[in-house]
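Enquirer: Mind having a look at this structure? Questions to follow.
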Amino acid sequence: MLAETLALLASAALGIGPSAGNTTPITTQATTTTALAVASASLVGKVQCVPFTWLANDKGAERGGISVPIQLNGQTMPLQLDTGANVTILYGQLAVKSGWAAKGAENFQARSFSVAGAALDRPKIYVNPDMDEDPAVRGTLGLPALLGKVTVIDYPAKRFCLFAEADLPTPLRQADFVRAMLRNAKFHVPITSGTFASDTVVFDTGSSEMPLHVDLAAWKIITGRTSTDNAPASIKGMAWGKPFTLAGAPALSPVMLGEIALGKVDVFTNPDAPASFSEWPVRTDGVLGNAPFWDGIVILDLTANVRFSVIR
């Protein structure tokens, strides 16, 4: 079944639906740092960089998702950047109308595909006819399209870059990196907060406004709450066409990504699916969205190094 396949392959993605309560990222400095300015300047004019567009969510919030232009079979189209998705997907009937896929086919082989100037050799593209076609976002750009490269997301400058390791600008190469893991096409980073510690939290740009989303048991440890009743924050939205409501509360202790301080961000859980992450086929304790990094530049090294950094 297509729906079951996509649910398994892209279960981390939250689409562009969420609207959040207090999800403003806590930063270590109030103004742009010299390191951030230098790093951002080093990306100006790079052929490996393209501008990205923020996608508003269904509640009108401006940063519900990231749209990146890609080239598929000679056509340029916007896809939502979703590092939590295991595949690249086209929505609606676009693939059928363009003659790339037979009606009812679950996937097709691209003749040509490139993103930020980097070409992939005839990747498999999945089709989700149940998702509405929208000129602003034609589908999902999943993590496999980025493998073997160094992905750079410059949030303040709204810039997306895809570098070969040797071409990464020196200011970014000199950043402090945190060890990460790549398993089952998921990019896992180490997260700690108080007594909570996990090295299997997925960095998921599809969960754009979500600082941190975990199962209920972990949420109780991180927030110190015994119940989601009267939680001070909430997120309501759509995930792959289905509505959801998450409960959120501030972390008791600063949330750390390795040695990188994310601050006392709001942490969310789904009371209706209290153990959803524990049911994933590969151990996963939660997802980390874009929100904690809106003021900086994120580097995902998806070469053999497999590491993560943020410059603020």
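Ordered as shown in the structure tokens, chains take letters A, B, and onward, while each chain numbers its residues from 1 and ligands are numbered from 1 in the order shown.
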Give me the residues of segment 138-257 of chain A that have any atom at most 9 Å from an atom of segment 66-75 of chain A; for each, the nearest atom pair and the distance in Å, rounded to one decimal. Use only C-alpha atoms, sort by chain and number, and format it as a tab-separated table.

Expert:
```
residue	atom	partner	partner_atom	distance
A:Thr140	CA	A:Ser67	CA	8.9
A:Leu141	CA	A:Val68	CA	8.1
A:Phe160	CA	A:Val68	CA	7.4
A:Thr205	CA	A:Ile66	CA	7.6
A:Gly206	CA	A:Ile66	CA	7.8
A:Ser208	CA	A:Ile66	CA	7.7
```

Enquirer: May I have all residues of segment 57-211 of chain A that DSSP, computed from the backbone, assigns to strand (DSSP E or B), given as a PyMOL selection string?

Expert: chain A and resi 65-72+75-82+89-91+107-109+113-115+118-120+124-128+134+137+139-142+150-154+159-163+178-179+181-183+186-193+196-203

Enquirer: Within 9 Å of Gly104 of chain A, counting only C-alpha atoms, which residues qualify if same-chain residues fewer than 4 places away don't, as a list in words?

Expert: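 Result of the neighbour search: Val96, Val127 and Pro129 of chain A.
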
Enquirer: Of the residues A:Ala261, A:Met256, A:Cys161, A:Val189, which is the one nearest to Gly45 of chain A, using only C-alpha atoms?

Expert: A:Cys161
